[in-house]
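Trainee: Enclosed is the structure file upload.csv (CSV, C-alpha atoms and all ligand atoms).
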```
chain,number,residue,atom,x,y,z
P,9,MET,CA,0.0,0.0,0.0
P,10,ARG,CA,1.3,3.5,-0.8
P,11,PRO,CA,2.1,5.6,2.3
P,12,ARG,CA,-0.3,8.4,3.1
P,13,LEU,CA,1.6,11.7,3.3
P,14,ALA,CA,1.4,14.9,5.4
P,15,LEU,CA,2.6,18.1,3.8
P,16,GLY,CA,4.0,20.9,5.9
P,17,LEU,CA,3.9,24.2,4.0
P,18,GLY,CA,5.7,27.5,4.6
P,19,CYS,CA,5.7,30.6,2.3
P,20,ASP,CA,6.3,34.3,2.1
P,21,ARG,CA,3.4,36.6,2.5
P,22,GLY,CA,1.5,36.8,-0.8
P,23,THR,CA,3.0,33.7,-2.4
P,24,PRO,CA,0.8,32.8,-5.4
P,25,GLU,CA,-1.1,29.5,-5.6
P,26,ALA,CA,0.9,28.5,-8.7
P,27,THR,CA,4.3,28.8,-6.8
P,28,LEU,CA,3.0,26.6,-4.0
P,29,ARG,CA,1.6,24.1,-6.5
P,30,GLN,CA,4.9,23.9,-8.3
P,31,ALA,CA,6.9,23.5,-5.1
P,32,ILE,CA,4.6,20.6,-4.0
P,33,ASP,CA,4.9,19.0,-7.4
P,34,GLU,CA,8.6,19.1,-7.2
P,35,ALA,CA,8.7,17.8,-3.6
P,36,LEU,CA,6.4,14.9,-4.4
P,37,ALA,CA,8.4,14.0,-7.6
P,38,GLN,CA,11.5,13.7,-5.4
P,39,ILE,CA,10.0,10.6,-3.7
P,40,GLY,CA,7.9,9.4,-6.6
P,41,ALA,CA,4.6,10.3,-4.8
P,42,ALA,CA,1.4,11.6,-6.3
P,43,TRP,CA,-1.0,14.4,-5.2
P,44,ALA,CA,-3.6,11.7,-4.3
P,45,ASP,CA,-1.2,10.3,-1.6
P,46,VAL,CA,-1.6,13.6,0.4
P,47,ALA,CA,-3.9,13.0,3.3
P,48,ALA,CA,-3.0,16.0,5.5
P,49,VAL,CA,-1.8,19.6,5.0
P,50,ALA,CA,-0.5,21.9,7.7
P,51,SER,CA,1.2,25.2,8.3
P,52,ILE,CA,1.5,27.8,11.0
P,53,THR,CA,-1.3,30.0,12.4
P,54,LEU,CA,0.3,33.0,10.8
P,55,LYS,CA,-0.7,31.6,7.4
P,56,ALA,CA,-4.4,31.0,8.3
P,57,ASP,CA,-5.4,33.8,6.0
P,58,GLU,CA,-2.7,33.2,3.3
P,59,VAL,CA,-4.7,33.7,0.1
P,60,GLY,CA,-2.7,31.4,-2.3
P,61,LEU,CA,-2.4,28.6,0.2
P,62,LEU,CA,-6.1,28.7,1.1
P,63,ALA,CA,-7.0,28.7,-2.7
P,64,LEU,CA,-4.8,25.7,-3.2
P,65,CYS,CA,-6.4,23.8,-0.3
P,66,ARG,CA,-9.9,24.6,-1.5
P,67,ALA,CA,-9.1,23.5,-5.1
P,68,GLN,CA,-7.6,20.2,-3.8
P,69,GLY,CA,-10.4,19.6,-1.2
P,70,TRP,CA,-7.9,19.7,1.6
P,71,THR,CA,-8.7,21.0,5.1
P,72,PRO,CA,-5.5,22.6,6.3
P,73,VAL,CA,-4.5,22.6,9.9
P,74,PHE,CA,-2.7,25.7,11.3
P,75,HIS,CA,-0.4,25.0,14.3
P,76,ALA,CA,0.5,27.7,16.8
P,77,PRO,CA,4.3,28.6,16.8
P,78,GLU,CA,4.6,27.4,20.4
P,79,VAL,CA,3.4,23.9,19.3
P,80,LEU,CA,5.7,23.8,16.2
P,81,ALA,CA,8.7,24.9,18.3
P,82,GLN,CA,8.4,21.8,20.4
P,83,VAL,CA,9.1,19.4,17.5
P,84,ALA,CA,12.7,18.4,16.9
P,85,VAL,CA,13.5,18.9,13.2
P,86,PRO,CA,16.6,18.2,11.1
P,87,ASN,CA,16.9,21.8,9.8
P,88,PRO,CA,15.9,24.4,12.4
P,89,SER,CA,16.5,28.0,11.5
P,90,GLU,CA,17.3,31.0,13.7
P,91,THR,CA,15.9,33.4,11.0
P,92,VAL,CA,12.6,31.5,10.8
P,93,ARG,CA,12.4,31.6,14.6
P,94,ARG,CA,12.9,35.4,14.6
P,95,HIS,CA,10.1,35.9,12.1
P,96,THR,CA,7.6,33.3,13.3
P,97,GLY,CA,8.4,32.3,16.9
P,98,THR,CA,9.4,28.8,15.9
P,99,PRO,CA,12.7,27.5,14.3
P,100,SER,CA,10.8,25.4,11.8
P,101,VAL,CA,7.4,25.7,10.1
P,102,SER,CA,7.2,23.2,7.2
P,103,GLU,CA,9.2,20.3,8.8
P,104,ALA,CA,7.6,20.7,12.2
P,105,ALA,CA,4.1,21.0,10.7
P,106,ALA,CA,4.6,18.0,8.4
P,107,LEU,CA,5.8,15.9,11.4
P,108,LEU,CA,3.0,17.0,13.7
P,109,SER,CA,0.3,16.3,11.1
P,110,ALA,CA,1.8,13.0,10.3
P,111,GLY,CA,1.5,12.0,14.0
P,112,CYS,CA,5.3,11.6,14.1
P,113,SER,CA,6.4,14.6,16.1
P,114,ASP,CA,9.1,12.6,17.9
P,115,ASP,CA,10.4,10.8,14.9
P,116,PRO,CA,12.2,13.1,12.4
P,117,ARG,CA,12.9,10.0,10.2
P,118,ALA,CA,9.3,10.1,9.1
P,119,LEU,CA,10.3,13.1,6.9
P,120,LEU,CA,10.6,11.9,3.4
P,121,VAL,CA,11.4,15.3,2.0
P,122,GLU,CA,13.0,17.6,4.6
P,123,LYS,CA,12.7,21.0,3.1
P,124,HIS,CA,12.1,21.7,-0.6
P,125,ARG,CA,12.3,25.4,-1.3
P,126,LEU,CA,11.2,27.1,-4.5
P,127,ARG,CA,11.6,30.8,-5.5
P,128,GLY,CA,8.6,31.8,-7.7
P,129,PRO,CA,8.9,34.1,-10.7
P,130,ASP,CA,7.9,37.0,-8.5
P,131,GLY,CA,10.6,36.3,-6.0
P,132,ARG,CA,8.4,34.8,-3.3
P,133,HIS,CA,9.4,31.5,-1.7
P,134,ALA,CA,7.4,28.4,-0.9
P,135,THR,CA,8.8,25.6,1.3
P,136,VAL,CA,7.4,22.1,1.4
P,137,SER,CA,8.2,19.2,3.7
P,138,VAL,CA,6.7,15.8,3.3
P,139,ALA,CA,6.2,13.2,6.1
P,140,ARG,CA,4.9,9.7,6.0
P,141,MET,CA,1.8,9.4,8.2
P,142,ALA,CA,1.9,7.0,11.1
P,143,GLN,CA,-0.1,3.9,10.8
P,144,ALA,CA,-2.9,3.5,13.3
P,145,ASP,CA,-1.2,3.8,16.7
P,146,ALA,CA,0.0,0.6,18.3
P,147,GLN,CA,-2.2,-0.6,21.2
P,148,VAL,CA,-1.0,1.3,24.2
P,149,GLY,CA,0.0,-0.9,27.1
P,150,GLY,CA,-2.8,-3.3,26.6
P,151,ALA,CA,-5.5,-0.6,27.2
P,152,SER,CA,-8.9,-1.6,26.0
P,153,GLY,CA,-11.2,0.5,23.8
P,154,PRO,CA,-10.7,1.9,20.3
P,155,VAL,CA,-7.3,3.0,19.2
P,156,PHE,CA,-7.1,6.3,17.3
P,157,GLY,CA,-4.5,7.3,14.8
P,158,ALA,CA,-3.2,10.5,13.2
P,159,ALA,CA,-6.2,10.7,10.8
P,160,GLU,CA,-8.7,10.8,13.7
P,161,ARG,CA,-6.6,13.3,15.6
P,162,LEU,CA,-6.4,15.5,12.5
P,163,ALA,CA,-10.2,15.3,12.0
P,164,LEU,CA,-10.8,16.3,15.6
P,165,GLN,CA,-8.4,19.1,15.4
P,166,ALA,CA,-9.9,20.3,12.1
P,167,LEU,CA,-13.4,20.1,13.7
P,168,MET,CA,-12.3,22.1,16.8
P,169,ALA,CA,-10.6,24.7,14.6
P,170,ALA,CA,-13.7,25.1,12.3
P,171,ARG,CA,-16.2,25.4,15.2
P,172,ARG,CA,-17.4,28.9,15.5
P,173,ASP,CA,-20.0,30.9,17.4
P,174,VAL,CA,-22.5,31.5,14.6
P,175,ARG,CA,-24.7,34.5,14.4
P,176,HIS,CA,-25.5,34.4,10.7
P,177,PHE,CA,-28.0,31.7,9.7
P,178,ARG,CA,-29.9,30.7,6.5
P,179,PRO,CA,-33.4,32.0,7.1
P,180,GLY,CA,-36.2,29.4,6.6
P,181,ALA,CA,-33.8,26.4,6.8
P,182,THR,CA,-34.6,23.4,9.0
P,183,ILE,CA,-32.8,20.6,10.9
P,184,ALA,CA,-33.4,17.1,9.6
P,185,THR,CA,-34.7,14.5,12.2
P,186,GLU,CA,-31.6,12.3,12.0
P,187,VAL,CA,-29.4,15.3,12.6
P,188,ARG,CA,-31.5,16.2,15.7
P,189,ALA,CA,-31.0,12.6,16.8
P,190,ARG,CA,-27.3,13.0,16.6
P,191,LEU,CA,-27.4,16.2,18.6
P,192,LEU,CA,-29.4,14.4,21.3
P,193,GLN,CA,-26.9,11.6,21.3
P,194,ALA,CA,-24.1,14.1,21.9
P,195,LEU,CA,-25.9,15.2,25.0
P,196,ALA,CA,-26.1,11.7,26.3
P,197,LEU,CA,-22.3,11.3,25.8
P,198,ALA,CA,-21.3,14.4,27.8
P,199,PRO,CA,-19.4,14.0,31.1
P,200,SER,CA,-21.0,15.3,34.3
P,201,VAL,CA,-20.2,15.5,38.0
P,202,GLY,CA,-21.4,12.3,39.8
P,203,LEU,CA,-23.1,11.4,36.5
P,204,MET,CA,-25.7,14.1,37.5
P,205,GLN,CA,-26.4,15.1,33.8
P,206,PRO,CA,-27.8,18.5,35.0
P,207,TRP,CA,-29.2,19.7,31.7
P,208,ARG,CA,-32.5,20.1,29.9
P,209,PHE,CA,-33.0,21.8,26.6
P,210,VAL,CA,-36.3,23.5,25.6
P,211,ARG,CA,-36.7,23.5,21.8
P,212,ILE,CA,-38.3,26.7,20.4
P,213,VAL,CA,-39.7,26.9,16.9
P,214,SER,CA,-42.8,29.1,17.4
P,215,ASP,CA,-42.5,32.6,16.1
P,216,ALA,CA,-44.2,34.1,19.1
P,217,ARG,CA,-41.6,32.7,21.6
P,218,ARG,CA,-38.7,33.4,19.2
P,219,GLN,CA,-39.8,37.1,19.1
P,220,ALA,CA,-40.3,37.3,22.9
P,221,LEU,CA,-36.8,35.9,23.4
P,222,ALA,CA,-35.3,38.2,20.8
P,223,GLY,CA,-36.9,41.2,22.6
P,224,LEU,CA,-35.4,40.2,25.9
P,225,VAL,CA,-31.9,39.9,24.3
P,226,GLU,CA,-32.3,43.3,22.7
P,227,GLN,CA,-33.0,44.8,26.1
P,228,GLU,CA,-29.9,43.2,27.6
P,229,ARG,CA,-27.8,44.2,24.6
P,230,GLN,CA,-28.7,47.9,25.3
P,231,ARG,CA,-27.9,47.5,29.0
P,232,THR,CA,-24.6,45.8,28.1
P,233,ALA,CA,-23.7,48.8,25.9
P,234,GLU,CA,-24.4,51.2,28.7
P,235,ALA,CA,-22.3,49.1,31.1
P,236,LEU,CA,-19.4,49.1,28.6
P,237,GLY,CA,-19.0,52.9,28.7
P,238,GLU,CA,-16.8,54.2,26.0
P,239,ARG,CA,-16.8,51.1,23.8
P,240,ASP,CA,-20.6,51.2,23.6
P,241,ASP,CA,-20.9,52.2,20.0
P,242,GLU,CA,-18.3,49.7,18.9
P,243,PHE,CA,-20.2,46.9,20.8
P,244,LEU,CA,-23.5,47.9,19.3
P,245,ARG,CA,-22.1,47.4,15.8
P,246,LEU,CA,-21.3,43.7,16.6
P,247,LYS,CA,-23.8,41.1,15.7
P,248,VAL,CA,-24.4,39.2,18.9
P,249,GLU,CA,-27.2,36.8,18.1
P,250,GLY,CA,-29.0,35.0,15.2
P,251,LEU,CA,-32.3,34.3,17.0
P,252,GLN,CA,-34.5,35.5,14.2
P,253,ASP,CA,-33.0,33.4,11.4
P,254,CYS,CA,-31.8,30.2,13.0
P,255,ALA,CA,-33.7,27.0,12.3
P,256,GLU,CA,-34.4,26.3,16.0
P,257,ILE,CA,-33.5,27.8,19.4
P,258,TRP,CA,-32.6,25.3,22.1
P,259,VAL,CA,-32.7,27.0,25.5
P,260,ALA,CA,-30.1,25.3,27.8
P,261,VAL,CA,-31.6,25.0,31.3
P,262,LEU,CA,-29.9,24.1,34.5
P,263,PRO,CA,-32.6,22.0,36.3
P,264,ALA,CA,-33.5,22.4,39.9
P,265,ASP,CA,-30.7,20.8,42.1
P,266,ASP,CA,-31.2,17.1,42.6
P,267,GLY,CA,-29.0,17.0,45.6
P,268,THR,CA,-26.1,15.0,44.1
P,269,VAL,CA,-23.2,15.1,46.5
P,270,PHE,CA,-20.5,13.1,44.6
P,271,GLY,CA,-17.9,15.5,43.4
P,272,ARG,CA,-19.8,18.7,44.3
P,273,ARG,CA,-20.0,18.9,48.0
P,274,THR,CA,-17.9,22.0,48.2
P,275,MET,CA,-18.9,23.7,44.9
P,276,PRO,CA,-22.4,22.5,44.1
P,277,ARG,CA,-23.5,25.3,41.7
P,278,GLU,CA,-20.2,25.5,39.9
P,279,MET,CA,-19.9,21.8,39.2
P,280,ALA,CA,-23.4,21.5,37.9
P,281,LEU,CA,-22.8,24.5,35.6
P,282,CYS,CA,-19.5,23.1,34.4
P,283,SER,CA,-21.3,19.8,33.6
P,284,LEU,CA,-24.0,21.6,31.6
P,285,ALA,CA,-21.2,23.5,29.7
P,286,CYS,CA,-19.6,20.2,28.8
P,287,ALA,CA,-22.9,19.1,27.3
P,288,ILE,CA,-23.2,22.3,25.3
P,289,GLN,CA,-19.6,21.9,24.0
P,290,ASN,CA,-20.5,18.3,22.8
P,291,LEU,CA,-23.5,19.8,21.0
P,292,TRP,CA,-21.4,22.6,19.5
P,293,LEU,CA,-18.9,20.2,18.0
P,294,THR,CA,-21.5,17.7,16.8
P,295,ALA,CA,-23.5,20.5,15.1
P,296,ARG,CA,-20.3,21.6,13.3
P,297,ALA,CA,-19.6,18.0,12.2
P,298,ASP,CA,-23.1,18.1,10.7
P,299,ASN,CA,-22.2,21.4,9.0
P,300,LEU,CA,-24.7,23.3,11.2
P,301,GLY,CA,-23.9,26.4,13.1
P,302,LEU,CA,-24.5,27.0,16.8
P,303,GLY,CA,-24.5,30.4,18.5
P,304,TRP,CA,-24.6,30.7,22.3
P,305,VAL,CA,-26.5,33.7,23.4
P,306,SER,CA,-26.2,34.6,27.0
P,307,MET,CA,-27.4,38.2,27.0
P,308,PHE,CA,-30.7,38.1,28.9
P,309,GLU,CA,-32.2,38.3,32.3
P,310,PRO,CA,-32.7,34.7,33.4
P,311,ALA,CA,-35.9,35.3,35.3
P,312,ALA,CA,-37.5,37.0,32.2
P,313,VAL,CA,-36.5,34.0,30.0
P,314,ALA,CA,-37.8,31.6,32.6
P,315,ALA,CA,-41.1,33.4,32.6
P,316,VAL,CA,-41.4,33.2,28.7
P,317,LEU,CA,-40.8,29.5,28.9
P,318,GLY,CA,-42.9,28.8,32.0
P,319,LEU,CA,-39.9,27.2,33.8
P,320,ALA,CA,-40.4,25.8,37.3
P,321,GLU,CA,-38.9,27.2,40.5
P,322,GLY,CA,-35.2,26.5,40.7
P,323,GLU,CA,-34.7,26.0,36.9
P,324,LEU,CA,-32.1,28.4,35.4
P,325,PRO,CA,-31.8,29.2,31.7
P,326,VAL,CA,-28.1,29.7,30.9
P,327,GLY,CA,-28.1,29.9,27.1
P,328,LEU,CA,-30.2,30.5,24.1
P,329,LEU,CA,-28.6,28.2,21.6
P,330,CYS,CA,-29.3,29.2,18.0
P,331,LEU,CA,-29.0,26.2,15.8
P,332,GLY,CA,-29.3,25.6,12.1
P,333,PRO,CA,-27.6,25.8,8.7
P,334,ALA,CA,-25.2,28.8,8.8
P,335,ALA,CA,-25.0,31.6,6.2
P,336,ARG,CA,-21.4,32.1,7.3
P,337,HIS,CA,-18.8,30.2,9.3
P,338,HIS,CA,-16.0,32.7,10.0
P,339,ASP,CA,-12.5,31.2,9.9
P,340,ARG,CA,-11.5,33.1,13.1
P,341,PRO,CA,-13.6,34.3,16.0
P,342,MET,CA,-15.8,37.1,14.8
P,343,LEU,CA,-14.8,39.2,17.9
P,344,GLU,CA,-11.1,38.9,16.8
P,345,ILE,CA,-11.9,39.8,13.1
P,346,GLU,CA,-13.9,42.8,14.3
P,347,GLY,CA,-11.0,43.9,16.5
P,348,TRP,CA,-12.9,43.5,19.8
P,349,ARG,CA,-10.5,41.2,21.5
P,350,GLN,CA,-7.6,38.8,20.4
P,351,ARG,CA,-7.0,35.2,21.5
P,352,ARG,CA,-4.2,34.8,24.0
P,353,PRO,CA,-0.9,33.0,23.2
P,354,LEU,CA,-0.8,29.3,24.2
P,355,HIS,CA,2.0,29.8,26.7
P,356,ASP,CA,-0.6,31.6,28.9
P,357,PHE,CA,-2.7,28.5,29.2
P,358,LEU,CA,-0.3,26.1,30.9
P,359,VAL,CA,2.1,27.1,33.5
P,360,ASP,CA,4.6,25.1,35.6
P,361,GLU,CA,4.0,24.6,39.3
P,362,PRO,CA,5.7,27.1,41.5
P,363,SER,CA,9.3,26.3,42.3
P,364,ASP,CA,9.1,26.9,46.0
P,365,GLU,CA,9.1,24.0,48.4
P,366,ARG,CA,5.9,24.6,50.2
P,367,SER,CA,4.2,21.5,48.8
O,401,LIG,C1,-20.8,30.9,27.9
O,401,LIG,C2,-20.8,31.6,26.6
O,401,LIG,C3,-21.6,32.7,26.3
O,401,LIG,C4,-21.6,33.4,25.1
O,401,LIG,N1,-22.5,34.4,24.9
O,401,LIG,C5,-22.5,35.0,23.7
O,401,LIG,C6,-23.5,36.0,23.4
O,401,LIG,O1,-24.4,36.3,24.1
O,401,LIG,N2,-23.4,36.6,22.2
O,401,LIG,C7,-22.4,36.4,21.3
O,401,LIG,O2,-22.3,37.0,20.2
O,401,LIG,N3,-21.5,35.4,21.5
O,401,LIG,C8,-21.5,34.7,22.7
O,401,LIG,N4,-20.6,33.7,22.9
O,401,LIG,C9,-19.6,33.3,21.9
O,401,LIG,C10,-18.2,33.9,22.2
O,401,LIG,O3,-18.2,35.3,21.9
O,401,LIG,C11,-17.3,33.1,21.3
O,401,LIG,O4,-17.3,31.8,21.6
O,401,LIG,C12,-15.9,33.7,21.3
O,401,LIG,O5,-15.8,35.0,20.9
O,401,LIG,C13,-14.9,32.8,20.5
O,401,LIG,O6,-15.4,32.7,19.2
O,401,LIG,P1,-15.7,31.3,18.4
O,401,LIG,O7,-16.6,30.6,19.3
O,401,LIG,O8,-16.3,31.7,17.1
O,401,LIG,O9,-14.3,30.6,18.3
O,401,LIG,C14,-20.7,33.0,24.1
O,401,LIG,C15,-19.8,31.9,24.4
O,401,LIG,C16,-19.8,31.3,25.6
O,401,LIG,C17,-18.9,30.1,25.8
```
What's the structure tokens form of this structure?
Mentor:
Amino acid sequence: MRPRLALGLGCDRGTPEATLRQAIDEALAQIGAAWADVAAVASITLKADEVGLLALCRAQGWTPVFHAPEVLAQVAVPNPSETVRRHTGTPSVSEAAALLSAGCSDDPRALLVEKHRLRGPDGRHATVSVARMAQADAQVGGASGPVFGAAERLALQALMAARRDVRHFRPGATIATEVRARLLQALALAPSVGLMQPWRFVRIVSDARRQALAGLVEQERQRTAEALGERDDEFLRLKVEGLQDCAEIWVAVLPADDGTVFGRRTMPREMALCSLACAIQNLWLTARADNLGLGWVSMFEPAAVAAVLGLAEGELPVGLLCLGPAARHHDRPMLEIEGWRQRRPLHDFLVDEPSDERS
């Protein structure tokens, strides 16, 4: 069987699709491989909006994965470069991206083409590395359950990267029954404290309730603008909900407390809420895998929403989830595109324990 290949791509800003195409052609020719052998394509987050690269991927039907520089920097590669590190924050883009996407980040021997560089007619450079993808991972230490390989990891990563908060829906669209069944199944698969499963979703399709909820959100949107002070106008220009156009609204409700003690004796409300959030994340990813959008709307007075839905005492609505075929899936968070706020660097997310010896 021919090996499945992962491409790592690097290029100057503005490199045309044709230059990238030629560089890949030449790199594949070096090892007698064909375009059809390519199963994964990766680059650095800096290139997530690189026009030629995106056009190439679209034309080939590839879903590129863009790795953060901090992640690429951890991969040991044959040809690290100080210049590349200064410009991108990692000593290697193409070699590291190819190895990561091949599922071989600790095995540089998987690189079949280390670094093929091409200068296009306009002077811009494309760099291509090619790695052989790992076979399905060996059974780990006799553990039971399914074993996942690089392809599944890539699919999961692509899904997480493509998931967006959606506020633009296709008006009049619907959700097929079998898709709704998959969404329900996703709720059943969610983790929860003490297996409490503290979630209930109220499905809204009637126009009257949809309008009532939209009215409540509009009130809160205005109050939020007032609370923001000098950024009020900027905030009011952002689209913060798609309640009118989505196929269905699922109101996420935290049910009245059932008294579960396991795992939540010291933080009962927080652990129940965290569990509900886990269920919503399952829903979010499952919806995206079904090519549906989901938008979480939290701008409302809970008591007012509870009244519209006729919720019982102790039930707390925490999200109006707008669901349905999307008119637009942004490739980055809309708040980032609109300049409201930027995502934080990865090194903020995981820190080492303090070095003192108190513990
Ligand atoms: C708990 C929660 C509440 C949210 N509420 C709103 C909201 O009311 N309106 C809105 O436009 N986005 C809302 N969002 C979406 C976030 O703004 C969005 O997830 C974030 O900007 C990152 O963008 P992305 O989800 O597209 O990656 C909410 C997200 C979460 C997790």
Trainee: Looking at only C-alpha atoms, which of P:Val261, P:Ala134, P:Ala81, P:Ala37 is the one that sits closest to Ala320 (chain P)?
Mentor: P:Val261
Trainee: Would you mind listing the residues within 7 Å of ligand LIG 401 (chain O), counting only C-alpha atoms and all ligand atoms, as a ChimeraX atom specification?
Mentor: /P:171-175,247-249,303-307,340-343
Trainee: Would you list the residues near (-1.6, 17.2, 0.9), meaning any protein, DNA or RNA residue with an atom at most 8 Å from that point in file coordinates, counting only C-alpha atoms, as JSON, numbers by chain?
Mentor: {"P": [13, 14, 15, 43, 44, 45, 46, 47, 48, 49, 70]}
Trainee: Could you check the closest approach to Pro99 (chain P) for each of P:Met204, P:Ile52, P:Leu120, P:Met279 and tell me which residue wins, using only C-alpha atoms?
Mentor: P:Ile52
Trainee: Separation of CA of Met168 (chain P) and CA of Leu293 (chain P), in Å?
Mentor: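 CA of Leu293 (chain P) lies 7.0 Å from CA of Met168 (chain P).
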Trainee: Would you mind telling me which residue in P:Gln252, P:Thr274, P:Gln350, P:Ser109 lies nearest to Leu329 (chain P) when using all atoms listed in the file?
Mentor: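 Using all atoms listed in the file, Leu329 (chain P) sits closest to P:Gln252.
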Trainee: Using all atoms listed in the file, which protein or nucleic acid residues come within 12 Å of Gly97 (chain P)? Drop anything in the same chain fewer than 6 positions from it, and give the result as number ranges by chain.
Mentor: P: 52-54, 75-82, 88-91, 353, 355
Trainee: What does the structure give for the distance between CA of Ala26 (chain P) and CA of Ala63 (chain P), in Å to one decimal?
Mentor: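 Those two atoms sit 9.9 Å apart.
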Trainee: Generate the missing atoms of region 171-190 of chain P up to N, CA and C atoms and report them as a short mmCIF file (atom, residue, chain, number, x, y, z; two decimals), keeping the file's coordinate frame.
Mentor:
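What follows is the written file result33.cif:
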```
data_model
loop_
_atom_site.label_atom_id
_atom_site.label_comp_id
_atom_site.auth_asym_id
_atom_site.auth_seq_id
_atom_site.Cartn_x
_atom_site.Cartn_y
_atom_site.Cartn_z
N ARG P 171 -15.01 25.02 14.39
CA ARG P 171 -16.20 25.40 15.20
C ARG P 171 -16.17 26.88 15.49
N ARG P 172 -17.29 27.51 15.28
CA ARG P 172 -17.40 28.90 15.50
C ARG P 172 -18.67 29.25 16.27
N ASP P 173 -18.71 30.37 16.93
CA ASP P 173 -20.00 30.90 17.40
C ASP P 173 -20.66 31.53 16.22
N VAL P 174 -21.83 31.00 15.85
CA VAL P 174 -22.50 31.50 14.60
C VAL P 174 -23.62 32.41 14.92
N ARG P 175 -23.61 33.55 14.25
CA ARG P 175 -24.70 34.50 14.40
C ARG P 175 -25.43 34.77 13.08
N HIS P 176 -24.90 34.18 11.99
CA HIS P 176 -25.50 34.40 10.70
C HIS P 176 -26.06 33.03 10.17
N PHE P 177 -27.38 32.93 10.06
CA PHE P 177 -28.00 31.70 9.70
C PHE P 177 -28.76 31.85 8.35
N ARG P 178 -29.06 30.70 7.71
CA ARG P 178 -29.90 30.70 6.50
C ARG P 178 -31.34 30.76 6.86
N PRO P 179 -32.03 31.88 6.63
CA PRO P 179 -33.40 32.00 7.10
C PRO P 179 -34.28 30.89 6.39
N GLY P 180 -35.22 30.36 7.14
CA GLY P 180 -36.20 29.40 6.60
C GLY P 180 -35.61 27.96 6.52
N ALA P 181 -34.34 27.75 6.89
CA ALA P 181 -33.80 26.40 6.80
C ALA P 181 -34.28 25.57 8.02
N THR P 182 -34.16 24.27 7.90
CA THR P 182 -34.60 23.40 9.00
C THR P 182 -33.51 22.40 9.36
N ILE P 183 -33.75 21.66 10.44
CA ILE P 183 -32.80 20.60 10.90
C ILE P 183 -33.47 19.27 10.67
N ALA P 184 -32.79 18.38 9.93
CA ALA P 184 -33.40 17.10 9.60
C ALA P 184 -33.48 16.23 10.93
N THR P 185 -34.46 15.34 10.96
CA THR P 185 -34.70 14.50 12.20
C THR P 185 -33.48 13.73 12.57
N GLU P 186 -32.79 13.15 11.58
CA GLU P 186 -31.60 12.30 12.00
C GLU P 186 -30.51 13.16 12.52
N VAL P 187 -30.42 14.40 12.07
CA VAL P 187 -29.40 15.30 12.60
C VAL P 187 -29.74 15.64 14.06
N ARG P 188 -31.04 15.92 14.29
CA ARG P 188 -31.50 16.20 15.70
C ARG P 188 -31.16 15.02 16.57
N ALA P 189 -31.32 13.84 16.03
CA ALA P 189 -31.00 12.60 16.80
C ALA P 189 -29.55 12.57 17.20
N ARG P 190 -28.70 12.97 16.27
CA ARG P 190 -27.30 13.00 16.60
C ARG P 190 -26.92 14.00 17.65
#
```
